[in-house]
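Asks: Quick one: this structure, given as structure tokens, is what I'll be asking you about.
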Amino acid sequence: MAEAATGTESITVREAIRETLSEELGRDERVFVQGIDVASRGGTFGLLEGLGEEYPERVRNTPISEVAIVGSGLGAAMTGMRPVVEVMYSGFLGVPMDQILNQVAKLRYMTDGNVDIPLTIRTQNTSGFNAAAQHSQALHQLLMAIPGIKVVCVSTPADAKGLLRAAIRHDDPVIVFEHAGVYNREGEVPVGEYEHRIGEAGIEREGEDVTVVATQVQLWNALEAAERLAEEDVSVEVVSPRTLDPLDVETIAGSVRKTGRCVVVDETPLCGGSQSELATVITEEAFFDLDFPVQRLGVDDVPTPFSPPLEEEIYPDTDDIVTTVRQLA
Amino acid sequence: MAEAATGTESITVREAIRETLSEELGRDERVFVQGIDVASRGGTFGLLEGLGEEYPERVRNTPISEVAIVGSGLGAAMTGMRPVVEVMYSGFLGVPMDQILNQVAKLRYMTDGNVDIPLTIRTQNTSGFNAAAQHSQALHQLLMAIPGIKVVCVSTPADAKGLLRAAIRHDDPVIVFEHAGVYNREGEVPVGEYEHRIGEAGIEREGEDVTVVATQVQLWNALEAAERLAEEDVSVEVVSPRTLDPLDVETIAGSVRKTGRCVVVDETPLCGGSQSELATVITEEAFFDLDFPVQRLGVDDVPTPFSPPLEEEIYPDTDDIVTTVRQLA
Amino acid sequence: MSEIDTRKRVDLDDEARIDLLRTMQRIRAFESRVQTLFADGELPGFVHLYIGEEAIAAGVCGALEESDYITSTHRGHGHCIAKGHEFDRMMAELYGKETGYCGGKGGSMHIASPKLGNLGANGIVGAGVPIGVGAALSSQLRGSGQVAASFFGDGATAQGAFHEAMNLSALWDLPFVGVVENNQYGEMSALEEQQAVTDLSERATSYGVPGIDVDGMDVEDVYAATTAAIEAARAGDGPSLLVCDTYRFEGHHEGDTEFYRDDDEINEWRRRDPLKTYPERLIEEGVLTNAEWNDIVDEIDAELEAAIEFARESDYPEPESAYENLYAEEV
Amino acid sequence: MSEIDTRKRVDLDDEARIDLLRTMQRIRAFESRVQTLFADGELPGFVHLYIGEEAIAAGVCGALEESDYITSTHRGHGHCIAKGHEFDRMMAELYGKETGYCGGKGGSMHIASPKLGNLGANGIVGAGVPIGVGAALSSQLRGSGQVAASFFGDGATAQGAFHEAMNLSALWDLPFVGVVENNQYGEMSALEEQQAVTDLSERATSYGVPGIDVDGMDVEDVYAATTAAIEAARAGDGPSLLVCDTYRFEGHHEGDTEFYRDDDEINEWRRRDPLKTYPERLIEEGVLTNAEWNDIVDEIDAELEAAIEFARESDYPEPESAYENLYAEEV
Ligand SMILES: Cc1ncc(C[n+]2csc(CCOP(=O)(O)OP(=O)(O)O)c2C)c(N)n1
Ligand SMILES: Cc1ncc(C[n+]2csc(CCOP(=O)(O)OP(=O)(O)O)c2C)c(N)n1
Ligand SMILES: [Mg+2]
Ligand SMILES: [Mg+2]
């Protein structure tokens with residue numbers, strides 16, 4: 001944890017990301033940002049607007065070359081820089097996957113720790129924009145399955161600030177999954193150089209009856225569901241993993257040991273999804289306290305269709321969470 | 001199922017693969033094989049030796065261009081051919097990952113079924129060859145997480161023949177994970193045009209006390225462990241999933257409902273590994289019959305180190321399976 | 001490898017020339033209506049318009065046979081229209097309706113009918129090129145005489161997929177035509193900010209492939225170059241790379257503020273608008289009267305309005321259909 | 001973009017020339033012993049030997065400063081030796097011992113010491129090129145004056161990663177040198193079976209980068225070309241691509257039966273063996289006496305035997321160390 005925060009302010013995820021990048025660029029000359037149209041347009045969804053003018057040398061537009069974007073970021077990270085590279089949509093991660101799987105994630109290990117890799121990869125999951133199958137994906141489950149790169153996921157403005165800063169200052173490669181669906185979400189954020197600890201989950205709402213573990217858009221749905229269920233006297237504890245790999249098993253399983261019932265909600269397809277990983281470690285840690293098997297909500301193993309009613313169909317929503325919790329409670 | 005088999009013969013996995021490819025090339029002019037050095041050297045581990053001379057037009061050496069190898073296979077599959085493309089090591093799958101993730105797996109869905117994609121991708125997991133981190137990987141968990149491509153894994157000679165033939169004749173994309181560690185394994189195979197059904201698991205050994213679900217090298221270890229445990233009067237049922245996606249939940253969970261105890265052994269790293277997916281669906285289906293949480297054996301979330309004692313350390317072996325089963329029994 | 005004479009005059013009779021013009025106008029009209037429909041909030045998702053680049057799709061697909069293949073891009077409506085896709089099912093797809101070419105699953109970035117030889121529009125820059133090369137390989141193996149053409153942008157030439165595919169197609173003398181739609185920008189960044197060498201036809205020399213500079217604002221030049229490339233391809237002389245200079249008159253996608261370019265540049269290019277210059281030329285050359293041209297425009301507009309009506313009145317797909325057609329063989 | 005005069009004579013005094021020879025001999029001696037040790041079953045894993053290609057590593061690394069960077073390949077022992085890695089820790093790594101450069105975690109395909117400027121040997125063909133370009137970017141951003149050179153094979157030029165990296169390095173004028181080790185084969189397939197254009201220096205023109213044909217059997221030619229490329233790089237004139245013609249005298253990896261090439265071809269190339277021609281030349285030119293050369297050979301052999309002894313006597317790493325050093329920051 002860098003400096004203690006004094007007070008909070010209410011900002012959006014979008015603002016938190018921009019602010020944090022601006023601050024880190026200002027604080028440390030080794031930090032630079034590269035990606036497609038990051039300097040001019042401000043990257044995906046215009047998040048970084050103006051940053052290119054503030055730091056013309058260190059906010060760099062690249063060609064449309066994800067292998068080179070990630071690979072050159074890695075080379076720079078091994079040689080004294082702290083790059084923050086952007087892959088516009090998580091759906092594009094397949095393009096530079098070898099650089100991530102075999103280079104970024106393995107080079108430190110293969111050299112027995114003789115080099116640090118302070119590389120941050122920013123990308124974002126998308127749902128709800130009718131952007132169709134290639135652009136609308138949640139893909140953090142693939143990265144969780146790769147030892148050697150840490151995976152964090154941004155749900156709230158505090159996450160955006162705390163996790164992105166932690167990633168940039170971290171000496172290991174970290175991939176930060178943002179989500180297009182939460183960029184305009186507003187929330188309280190500690191002022192100052194606030195940093196989340198990588199590997200620490202957060203209890204976003206306390207409760208007694210059922211634990212809901214949720215990320216990104218689904219975290220907001222879970223909080224809404226909890227609100228609605230409270231009216232029915234069902235007390236829901238909402239846990240945000242924040243760091244998906246490494247996972248804060250203690251906090252998450254601790255909650256489930258208390259409630260005995262658990263729902264995991266995420267937007268990854270169910271087969272091989274993050275839900276399965278979470279359900280498994282929760283079950284291992286809290287087996288004898290569980291009244292029912294951990295319930296998983298996610299996409300039922302199809303790509304994301306374009307048409308609005310189809311896209312709505314496949315993603316979990318607040319109603320789905322409410323219904324599932326009710327069945328357990 | 002094509003034709004009924006009459007009798008069996010004992011062959012190796014290696015022979016079964018070569019034979020099946022040769023037969024399918026002979027039977028159907030739409031089938032062709034491409035990959036690095038497949039024609040001359042016979043591909044990875046010389047498996048396809050001589051096939052290039054039998055079918056010079058349809059067994060094709062490619063440049064070292066996995067994106068083009070897979071992508072052109074896809075284009076050919078959409079236009080009347082039934083390509084079998086080879087990615088030498090599963091560790092190289094990161095290179096053509098976008099073609100797999102966004103093209104092969106999504107094109108049928110995105111066109112609402114207006115095109116079939118009878119593409120087979122052959123690759124192989126490796127362990128035990130001191131081939132180090134990039135070449136020694138089990139990566140089928142990444143593919144299981146992608147809806148739109150079916151994932152099968154070859155453990156025995158019968159699998160090699162039955163699954164590879166099924167993949168080639170299948171109208172959907174199938175990725176066949178072979179394993180360098182089982183190529184020389186011998187076993188009984190039904191003669192004739194034998195085909196496994198995609199989506200069907202196999203009970204490789206019947207037992208009453210504990211279910212061990214295992215693949216590839218670990219399946220052979222599991223069978224060995226079962227043999228040893230039998231001497232201690234522990235009766236182990238060994239299940240081979242064969243098809244990892246779609247998974248034959250009924251057969252696997254059926255076994256666990258009977259035994260009440262389950263160990264899943266695979267060579268994927270534990271976080272996000274196939275073990276978590278299997279443990280989750282087993283737990284969901286057999287929760288109230290389980291005496292203990294499903295136990296997972298795999299790699300404890302590191303890449304594969306080169307040095308023999310280190311590599312031995314990280315992979316499960318027969319002893320590990322025996323010990324784990326004993327704890328449950 | 002063959003030498004291709006791009007300046008070879010192709011025989012285009014009046015009817016053929018009018019067909020080229022009609023195709024361009026179909027695209028222009030379609031895209032213009034899509035623009036307003038999107039602005040009106042009628043169309044969900046992202047939309048990348050082809051306005052300004054019509055001569056390329058019309059010229060290339062005009063030279064292809066119906067049975068030939070194409071792969072398309074995120075900016076793909078023009079390719080669809082030129083390859084024979086109908087307005088109504090295209091429009092329905094943009095609305096996300098069940099009557100769309102993809103039953104609503106594809107949308108703007110993925111409209112395609114493989115049955116019409118369109119192997120897919122692609123949201124991944126560069127990813128269609130290896131697929132196109134695979135169709136060419138298939139054609140070669142089957143001895144079918146078909147050609148495959150892949151459309152892609154200038155930006156895509158920075159992607160590894162483009163290079164791997166070009167090398168393979170050249171190595172195996174595949175009947176393939178790579179069509180670079182060089183509209184001077186990849187998203188909001190100019191060509192020279194993305195490519196070390198802006199003369200993209202240079203990238204053909206790496207593979208010993210003819211790299212042909214084409215005036216992408218002149219449908220006949222595109223047609224002629226494509227015809228030559230196709231002839232070479234069908235003759236077994238291997239692939240070509242056509243670098244078509246063009247310009248998109250609208251933003252990268254709808255909603256783009258276009259802060260990165262000025263009106264002078266846009267106006268300069270607008271003077272070369274193929275939907276201005278080509279009808280003028282045909283009228284001047286007596287191929288077409290003004291009245292006939294107006295009739296064509298009206299006819300297309302009428303068809304388009306009917307298509308919009310069709311789309312609007314079509315039903316959304318049943319939600320459950322989201323789970324259909326992922327696989328041919330269900331278990 | 002700069003014009004590089006590759007034929008520019010470089011000043012090489014006697015000592016420098018002997019150093020180049022010594023480096024080559026160090027590589028040859030090392031690889032030859034590795035070959036027998038592997039045949040004797042002493043070394044686990046896969047081994048790809050650099051025998052025949054020594055002039056490239058020696059010439060390139062001879063021209064680099066210690067603080068400059070390289071990225072290496074599956075055929076990387078020669079690069080390591082030329083970049084200053086010691087025999088003993090290299091040999092220990094090949095044995096999988098804890099005293100190896102990577103504590104036994106890397107092995108033959110991944111020996112590297114980032115502290116010596118070697119950013120990693122790579123088992124993925126082509127994957128080191130973007131990493132090298134990133135080191136050059138870092139150097140440019142830090143204003144450190146360092147150059148990065150990436151070694152890769154002819155086969156790797158068919159990989160997209162190579163192209164994306166070359167374009168980026170050229171676009172940004174990065175201090176980067178791409179070194180193609182064109183040994184005429186990728187695995188068991190000849191250059192012409194893999195590359196549509198076998199003159200690989202053509203691939204530089206796509207990026208406006210000097211593509212320099214280098215005699216990869218002549219260490220001074222390699223040294224001269226690299227020196228020119230480095231000068232241009234340090235002057236801010238951007239990257240170069242050196243295409244070094246060479247030949248591997250042994251199989252692709254140990255165990256390769258070499259069915260795909262005949263003795264005539266091998267013998268033809270062996271006549272140009274730099275470990276035959278260069279010592280002859282230096283002796284002929286009076287730079288070195290026969291006796292001095294023999295001393296060098298003996299000295300290296302002695303060091304090598306000591307290194308083997310060191311490796312043999314070193315311990316295997318503790319099994320638990322398999323779980324160490326994945327991360328700098330454990331949670
Ligand atoms: C692999 C990948 N990277 C980035 C993007 C985001 N993107 C969509 S269109 C586009 C620009 C493409 O430029 P170009 O190829 O010139 O085609 P144009 O849009 O100009 O027609 C980019 C970067 C993408 N879709 N895929
Ligand atoms: C991405 C990838 N594909 C395939 C391989 C298997 N492979 C290892 S070395 C090699 C040949 C490489 O040829 P080249 O680049 O010319 O280097 P050389 O071995 O001749 O030095 C191949 C295909 C690999 N390691 N990585
Ligand atoms: Mg463009
Ligand atoms: Mg080679």
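Just remember, in the structure tokens the first chain shown is A, the second B, etc., residues are 1-based per chain, and ligands are 1-based in the order shown.
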Please, which residues in chain C fall within 8 Å of chain D when counting only C-alpha atoms, and what is the closest atom pair and distance in Å to one decimal for each, ordered by chain then residue number, as a tab-separated table?
Replies:
```
residue	atom	partner	partner_atom	distance
C:Ala158	CA	D:Glu164	CA	5.9
C:Gln159	CA	D:Glu164	CA	6.2
C:Gly160	CA	D:Gly160	CA	3.4
C:Ala161	CA	D:Gly160	CA	6.0
C:Phe162	CA	D:Gly160	CA	7.8
C:His163	CA	D:Gly160	CA	6.1
C:Glu164	CA	D:Gly160	CA	5.9
C:Asn167	CA	D:Ala196	CA	5.7
C:Leu168	CA	D:Ala196	CA	7.3
C:Ala170	CA	D:Ala196	CA	5.6
C:Leu171	CA	D:Ala196	CA	4.3
C:Glu193	CA	D:Leu171	CA	7.5
C:Gln194	CA	D:Leu171	CA	7.1
C:Gln195	CA	D:Leu171	CA	6.4
C:Ala196	CA	D:Leu171	CA	4.3
C:Val197	CA	D:Tyr207	CA	5.2
C:Leu200	CA	D:Ser206	CA	7.7
C:Glu202	CA	D:Ser206	CA	5.3
C:Arg203	CA	D:Ser206	CA	4.7
C:Ala204	CA	D:Ser206	CA	7.9
C:Thr205	CA	D:Glu202	CA	6.9
C:Ser206	CA	D:Arg203	CA	4.7
C:Tyr207	CA	D:Ala196	CA	5.1
C:Gly208	CA	D:Val197	CA	5.8
```
Asks: Residues as selected, N, CA, C and O atoms, written as a short mmCIF file (atom, residue, chain, number, x, y, z; two decimals), in the first residue's frame, can you do that?
Replies:
```
data_model
loop_
_atom_site.label_atom_id
_atom_site.label_comp_id
_atom_site.auth_asym_id
_atom_site.auth_seq_id
_atom_site.Cartn_x
_atom_site.Cartn_y
_atom_site.Cartn_z
N ALA C 158 -0.42 -4.13 -41.38
CA ALA C 158 0.54 -4.21 -40.27
C ALA C 158 0.33 -5.47 -39.44
O ALA C 158 1.09 -5.72 -38.50
N GLN C 159 -0.67 -6.26 -39.78
CA GLN C 159 -0.95 -7.46 -39.01
C GLN C 159 -0.19 -8.66 -39.57
O GLN C 159 -0.13 -8.86 -40.79
N GLY C 160 0.32 -9.48 -38.67
CA GLY C 160 1.04 -10.67 -39.08
C GLY C 160 0.22 -11.60 -39.96
O GLY C 160 0.74 -12.23 -40.89
N ALA C 161 -1.08 -11.68 -39.70
CA ALA C 161 -1.94 -12.60 -40.46
C ALA C 161 -1.87 -12.31 -41.96
O ALA C 161 -1.84 -13.24 -42.78
N PHE C 162 -1.84 -11.04 -42.31
CA PHE C 162 -1.74 -10.65 -43.72
C PHE C 162 -0.47 -11.24 -44.33
O PHE C 162 -0.49 -11.81 -45.43
N HIS C 163 0.63 -11.11 -43.64
CA HIS C 163 1.91 -11.56 -44.19
C HIS C 163 1.97 -13.07 -44.32
O HIS C 163 2.39 -13.60 -45.35
N GLU C 164 1.55 -13.75 -43.29
CA GLU C 164 1.60 -15.21 -43.34
C GLU C 164 0.75 -15.72 -44.50
O GLU C 164 1.14 -16.66 -45.22
N ASN C 167 2.39 -14.94 -47.98
CA ASN C 167 3.51 -15.84 -48.25
C ASN C 167 2.99 -17.21 -48.69
O ASN C 167 3.44 -17.77 -49.69
N LEU C 168 2.00 -17.72 -47.96
CA LEU C 168 1.47 -19.05 -48.29
C LEU C 168 0.83 -19.06 -49.68
O LEU C 168 1.05 -19.97 -50.48
N ALA C 170 1.43 -17.16 -52.20
CA ALA C 170 2.43 -17.02 -53.26
C ALA C 170 3.24 -18.31 -53.42
O ALA C 170 3.53 -18.76 -54.51
N LEU C 171 3.57 -18.90 -52.27
CA LEU C 171 4.38 -20.12 -52.28
C LEU C 171 3.68 -21.23 -53.05
O LEU C 171 4.31 -21.99 -53.79
N GLU C 193 1.36 7.12 -39.95
CA GLU C 193 1.59 6.88 -38.52
C GLU C 193 1.60 5.39 -38.21
O GLU C 193 1.87 4.99 -37.07
N GLN C 194 1.21 4.58 -39.20
CA GLN C 194 1.06 3.16 -38.93
C GLN C 194 1.98 2.28 -39.76
O GLN C 194 2.29 1.16 -39.36
N GLN C 195 2.35 2.80 -40.93
CA GLN C 195 3.13 1.96 -41.84
C GLN C 195 4.47 2.62 -42.11
O GLN C 195 4.51 3.79 -42.51
N ALA C 196 5.53 1.85 -41.93
CA ALA C 196 6.87 2.38 -42.18
C ALA C 196 7.04 2.76 -43.64
O ALA C 196 7.77 3.70 -43.97
N VAL C 197 6.38 2.02 -44.52
CA VAL C 197 6.41 2.37 -45.94
C VAL C 197 4.96 2.56 -46.37
O VAL C 197 4.14 1.66 -46.21
N LEU C 200 2.06 0.75 -50.20
CA LEU C 200 1.78 -0.59 -49.71
C LEU C 200 2.02 -1.68 -50.75
O LEU C 200 2.15 -2.86 -50.40
N GLU C 202 4.63 -2.18 -52.15
CA GLU C 202 5.94 -2.72 -51.81
C GLU C 202 5.83 -4.05 -51.06
O GLU C 202 6.71 -4.89 -51.12
N ARG C 203 4.76 -4.17 -50.27
CA ARG C 203 4.64 -5.38 -49.44
C ARG C 203 4.39 -6.63 -50.27
O ARG C 203 4.49 -7.74 -49.77
N ALA C 204 4.06 -6.44 -51.52
CA ALA C 204 3.90 -7.60 -52.40
C ALA C 204 5.25 -8.17 -52.82
O ALA C 204 5.38 -9.38 -53.04
N THR C 205 6.24 -7.31 -52.90
CA THR C 205 7.53 -7.78 -53.39
C THR C 205 8.17 -8.78 -52.45
O THR C 205 8.94 -9.64 -52.87
N SER C 206 7.85 -8.69 -51.18
CA SER C 206 8.36 -9.67 -50.22
C SER C 206 7.99 -11.09 -50.61
O SER C 206 8.61 -12.04 -50.16
N TYR C 207 6.93 -11.21 -51.39
CA TYR C 207 6.43 -12.53 -51.74
C TYR C 207 6.46 -12.77 -53.24
O TYR C 207 5.90 -13.75 -53.72
N GLY C 208 7.11 -11.88 -53.94
CA GLY C 208 7.22 -12.05 -55.38
C GLY C 208 5.89 -12.00 -56.09
O GLY C 208 5.69 -12.62 -57.13
#
```
Asks: Quick check: residues of chain D within 6 Å of chain A, only C-alpha atoms, returned as a ChimeraX atom specification.
Replies: /D:102-103,105-106,130-135,138,164-165,325-326
Asks: With only C-alpha atoms and all ligand atoms counted, collect every polymer residue having an atom within 9 Å of ligand 2; state the result as a PyMOL selection string.
Replies: (chain A and resi 98) or (chain B and resi 36-37+44+63-66+87-89+91-96+134-135) or (chain D and resi 48-50+73-76+122-127+152-159+180-191+247-248+252-253)
Asks: Could you please select, counting only C-alpha atoms, the residues of chain B within 9 Å of chain A and state them as a PyMOL selection string?
Replies: chain B and resi 91-103+105-106+109-110+132-134+139+141-148+245-246+268-281+283-285+287-288+292-295+301-306
Asks: Please, which residues of range 163-316 of chain C, numbered as in this document, come out strand (DSSP E) from DSSP, as a list in words?
Replies: Phe176, Val177, Gly178, Val179, Val180, Glu181, Asn182, Tyr185, Gly186, Ser189, Ala190, Gly211, Ile212, Asp213, Val214, Asp215, Ser240, Leu241, Leu242, Val243, Cys244 and Asp245 of chain C
Asks: Take the residues just selected and output them with C-alpha atoms as an mmCIF file, in the first residue's frame.
Replies:
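Okay, result.cif is ready:
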```
data_model
loop_
_atom_site.group_PDB
_atom_site.id
_atom_site.type_symbol
_atom_site.label_atom_id
_atom_site.label_comp_id
_atom_site.auth_asym_id
_atom_site.auth_seq_id
_atom_site.Cartn_x
_atom_site.Cartn_y
_atom_site.Cartn_z
ATOM 1 C CA PHE C 176 -5.991 -15.580 -54.592
ATOM 2 C CA VAL C 177 -6.384 -11.827 -54.890
ATOM 3 C CA GLY C 178 -5.533 -9.579 -51.951
ATOM 4 C CA VAL C 179 -7.424 -6.313 -52.113
ATOM 5 C CA VAL C 180 -6.083 -3.509 -49.947
ATOM 6 C CA GLU C 181 -8.647 -0.789 -49.438
ATOM 7 C CA ASN C 182 -6.211 1.982 -48.681
ATOM 8 C CA TYR C 185 -6.485 5.807 -42.197
ATOM 9 C CA GLY C 186 -6.714 3.009 -39.699
ATOM 10 C CA SER C 189 -4.445 7.350 -37.323
ATOM 11 C CA ALA C 190 -3.097 8.217 -40.723
ATOM 12 C CA GLY C 211 1.709 -5.413 -56.318
ATOM 13 C CA ILE C 212 -0.611 -3.315 -58.363
ATOM 14 C CA ASP C 213 -1.480 0.296 -57.639
ATOM 15 C CA VAL C 214 -5.098 0.843 -58.444
ATOM 16 C CA ASP C 215 -7.164 3.976 -58.490
ATOM 17 C CA SER C 240 -1.769 -10.666 -56.722
ATOM 18 C CA LEU C 241 -2.021 -7.763 -54.351
ATOM 19 C CA LEU C 242 -4.186 -4.868 -55.496
ATOM 20 C CA VAL C 243 -3.577 -1.683 -53.580
ATOM 21 C CA CYS C 244 -6.617 0.475 -54.146
ATOM 22 C CA ASP C 245 -6.251 4.096 -53.178
#
```
Asks: Counting only C-alpha atoms, what is within 12 Å of Val239 in chain B, bar same-chain residues fewer than 4 positions away, as number ranges by chain?
Replies: B: 155, 200-207, 210-216, 218-220, 222-223, 226, 243, 248-256, 262-265, 278
